[in-house]
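The structure file model_35.json is reproduced below (JSON, C-alpha atoms).
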[["chain", "number", "residue", "atom", "x", "y", "z"],
["A", 22, "MET", "CA", 20.50, 17.40, -27.47],
["A", 23, "LYS", "CA", 22.16, 20.03, -29.64],
["A", 24, "PHE", "CA", 25.12, 20.11, -32.04],
["A", 25, "ASN", "CA", 27.80, 22.80, -31.96],
["A", 26, "THR", "CA", 27.79, 24.52, -35.38],
["A", 27, "GLU", "CA", 30.07, 27.46, -34.56],
["A", 28, "ALA", "CA", 33.00, 26.33, -36.71],
["A", 29, "ALA", "CA", 32.00, 26.77, -40.35],
["A", 30, "PRO", "CA", 33.06, 24.12, -42.88],
["A", 31, "THR", "CA", 36.16, 25.03, -44.86],
["A", 32, "GLY", "CA", 35.48, 22.66, -47.76],
["A", 33, "ALA", "CA", 34.70, 19.05, -48.55],
["A", 34, "LEU", "CA", 36.61, 16.25, -46.87],
["A", 35, "SER", "CA", 38.01, 13.25, -48.72],
["A", 36, "PRO", "CA", 35.27, 10.98, -50.11],
["A", 37, "ARG", "CA", 34.79, 7.51, -48.57],
["A", 38, "SER", "CA", 31.96, 5.20, -47.59],
["A", 39, "VAL", "CA", 29.16, 6.70, -45.47],
["A", 40, "ARG", "CA", 29.67, 6.29, -41.69],
["A", 41, "VAL", "CA", 27.87, 7.15, -38.46],
["A", 42, "GLY", "CA", 28.83, 10.68, -37.44],
["A", 43, "ASP", "CA", 29.31, 12.00, -40.97],
["A", 44, "VAL", "CA", 27.86, 15.45, -41.70],
["A", 45, "TYR", "CA", 26.51, 16.32, -45.15],
["A", 46, "PRO", "CA", 24.95, 19.54, -46.45],
["A", 47, "CYS", "CA", 21.17, 19.58, -46.85],
["A", 48, "LYS", "CA", 19.39, 20.56, -50.02],
["A", 49, "GLY", "CA", 16.03, 22.29, -49.90],
["A", 50, "GLY", "CA", 13.71, 22.09, -46.94],
["A", 51, "ARG", "CA", 10.07, 23.03, -46.46],
["A", 52, "GLY", "CA", 9.08, 25.69, -43.98],
["A", 53, "TYR", "CA", 12.28, 25.59, -41.95],
["A", 54, "LEU", "CA", 15.98, 26.04, -42.55],
["A", 55, "LYS", "CA", 17.99, 22.83, -42.70],
["A", 56, "LYS", "CA", 21.72, 23.26, -42.38],
["A", 57, "ALA", "CA", 23.04, 19.72, -42.42],
["A", 58, "TRP", "CA", 22.33, 16.03, -42.05],
["A", 59, "VAL", "CA", 24.12, 14.06, -39.33],
["A", 60, "VAL", "CA", 24.30, 10.30, -39.98],
["A", 61, "LEU", "CA", 22.93, 8.18, -37.10],
["A", 62, "SER", "CA", 22.76, 4.75, -38.71],
["A", 63, "VAL", "CA", 23.95, 2.94, -41.84],
["A", 64, "ARG", "CA", 22.22, -0.41, -42.42],
["A", 65, "GLU", "CA", 22.77, -2.19, -45.73],
["A", 66, "ASP", "CA", 21.47, 0.27, -48.34],
["A", 67, "ARG", "CA", 19.61, 2.62, -45.93],
["A", 68, "THR", "CA", 21.02, 5.60, -44.02],
["A", 69, "THR", "CA", 19.16, 7.32, -41.17],
["A", 70, "VAL", "CA", 19.98, 10.96, -40.48],
["A", 71, "ILE", "CA", 18.85, 13.83, -38.31],
["A", 72, "SER", "CA", 18.52, 17.28, -39.83],
["A", 73, "ILE", "CA", 19.93, 20.19, -37.85],
["A", 74, "ASN", "CA", 19.34, 23.91, -38.32],
["A", 75, "GLU", "CA", 21.82, 26.81, -38.14],
["A", 76, "GLU", "CA", 21.72, 26.72, -34.32],
["A", 77, "GLY", "CA", 22.51, 22.99, -34.18],
["A", 78, "GLU", "CA", 18.99, 22.08, -33.06],
["A", 79, "ILE", "CA", 17.51, 18.81, -34.30],
["A", 80, "ILE", "CA", 14.53, 19.56, -36.52],
["A", 81, "CYS", "CA", 13.63, 16.16, -38.00],
["A", 82, "GLY", "CA", 14.78, 12.63, -38.73],
["A", 83, "GLU", "CA", 14.73, 10.88, -42.10],
["A", 84, "THR", "CA", 15.90, 7.72, -43.84],
["A", 85, "TYR", "CA", 17.32, 7.71, -47.35],
["A", 86, "GLY", "CA", 19.10, 5.28, -49.63],
["A", 87, "THR", "CA", 22.82, 5.32, -48.82],
["A", 88, "HIS", "CA", 23.56, 6.15, -52.46],
["A", 89, "ALA", "CA", 22.06, 9.62, -51.86],
["A", 90, "PHE", "CA", 25.04, 10.50, -49.64],
["A", 91, "GLU", "CA", 27.78, 8.85, -51.67],
["A", 92, "SER", "CA", 27.58, 11.65, -54.25],
["A", 93, "ARG", "CA", 27.47, 14.50, -51.69],
["A", 94, "ASP", "CA", 30.39, 16.41, -50.24],
["A", 95, "LEU", "CA", 31.31, 15.27, -46.73],
["A", 96, "ILE", "CA", 31.59, 18.55, -44.77],
["A", 97, "GLY", "CA", 32.28, 17.32, -41.24],
["A", 98, "ARG", "CA", 32.19, 14.61, -38.58],
["A", 99, "VAL", "CA", 30.72, 14.16, -35.11],
["A", 100, "GLU", "CA", 33.45, 12.11, -33.45],
["A", 101, "GLY", "CA", 32.30, 9.43, -31.01],
["A", 102, "LEU", "CA", 28.65, 9.44, -32.12],
["A", 103, "GLU", "CA", 28.76, 5.74, -32.98],
["A", 104, "GLU", "CA", 29.90, 4.99, -29.41],
["A", 105, "LEU", "CA", 26.98, 6.68, -27.62],
["A", 106, "LYS", "CA", 24.67, 4.42, -25.65],
["A", 107, "PHE", "CA", 21.45, 5.43, -23.98],
["A", 108, "ASP", "CA", 19.78, 3.52, -21.17],
["A", 109, "ILE", "CA", 16.04, 3.10, -21.64],
["A", 110, "GLN", "CA", 14.10, 3.40, -18.40],
["A", 111, "TRP", "CA", 11.19, 1.03, -19.07],
["A", 112, "GLU", "CA", 7.83, 1.80, -17.51],
["A", 113, "PRO", "CA", 6.24, -1.07, -15.59],
["A", 114, "LYS", "CA", 3.18, -2.65, -17.20]]
structure tokens encoding of this file:
Amino acid sequence: MKFNTEAAPTGALSPRSVRVGDVYPCKGGRGYLKKAWVVLSVREDRTTVISINEEGEIICGETYGTHAFESRDLIGRVEGLEELKFDIQWEPK
């Protein structure tokens, strides 16, 4: 899985509540370049994101308090992410 990062952000979008598919800029990073966080899940006061690098490759996953994103600039969206479903192929016991 990879995200297309070719189109650079042109500025912050209008603020609103955090949703699946939102893209926020990363701050910092240790040992690797983080470009952005993509929101995968919002549950009560917790938000789970994946970090992507400049090439759109997933480099890690993290969970933060939702409040951490409410003060950040929304720089993009991944449309349809909340609609994705994956079929698990269970291994027999």
- Query: Just how far from CA of Cys81 in chain A is CA of Phe107 in chain A, in Å to one decimal?
  - Reply: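 CA of Cys81 in chain A lies at a distance of 19.3 Å from CA of Phe107 in chain A.
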One residue among A:Ile80, A:Asn25, A:Val41, A:Glu65 is nearest to Leu102 in chain A when using only C-alpha atoms, and that residue is A:Val41
Original post:
For Ser92 in chain A, which residue out of A:Arg40, A:Glu27, A:Tyr45, A:Glu75 is the nearest one, using only C-alpha atoms?
Top reply: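 Smallest distance to Ser92 in chain A is found for A:Tyr45.
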Using CA of Lys106 in chain A and CA of Val70 in chain A as the two end points, give the distance in Å to one decimal.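 Atom-to-atom, CA of Lys106 in chain A and CA of Val70 in chain A are spaced 16.9 Å apart.
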Shortest contact to Ile96 in chain A, candidates A:Val39, A:Lys48, A:Ala57, A:Gly77, atoms counted all atoms listed in the file, goes to A:Ala57
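Between CA of Glu112 in chain A and CA of Phe24 in chain A the interatomic distance comes to 29.1 Å.
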Judged by only C-alpha atoms, the minimum distance to Thr68 in chain A among A:Glu104, A:Glu91, A:Trp111, A:Pro46 is found for A:Glu91
Of A:Arg93, A:Gly42, A:Lys56, A:Gly101, the one sitting nearest Thr69 in chain A when using all atoms listed in the file is A:Gly42
request  = Give the answer as one residue: which of A:Val44, A:Leu95, A:Ile71, A:Ile109 has the shortest atom-to-atom distance to Glu83 in chain A, using only C-alpha atoms?
outcome  =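 Checking each candidate against Glu83 in chain A, we get A:Ile71 as the closest.
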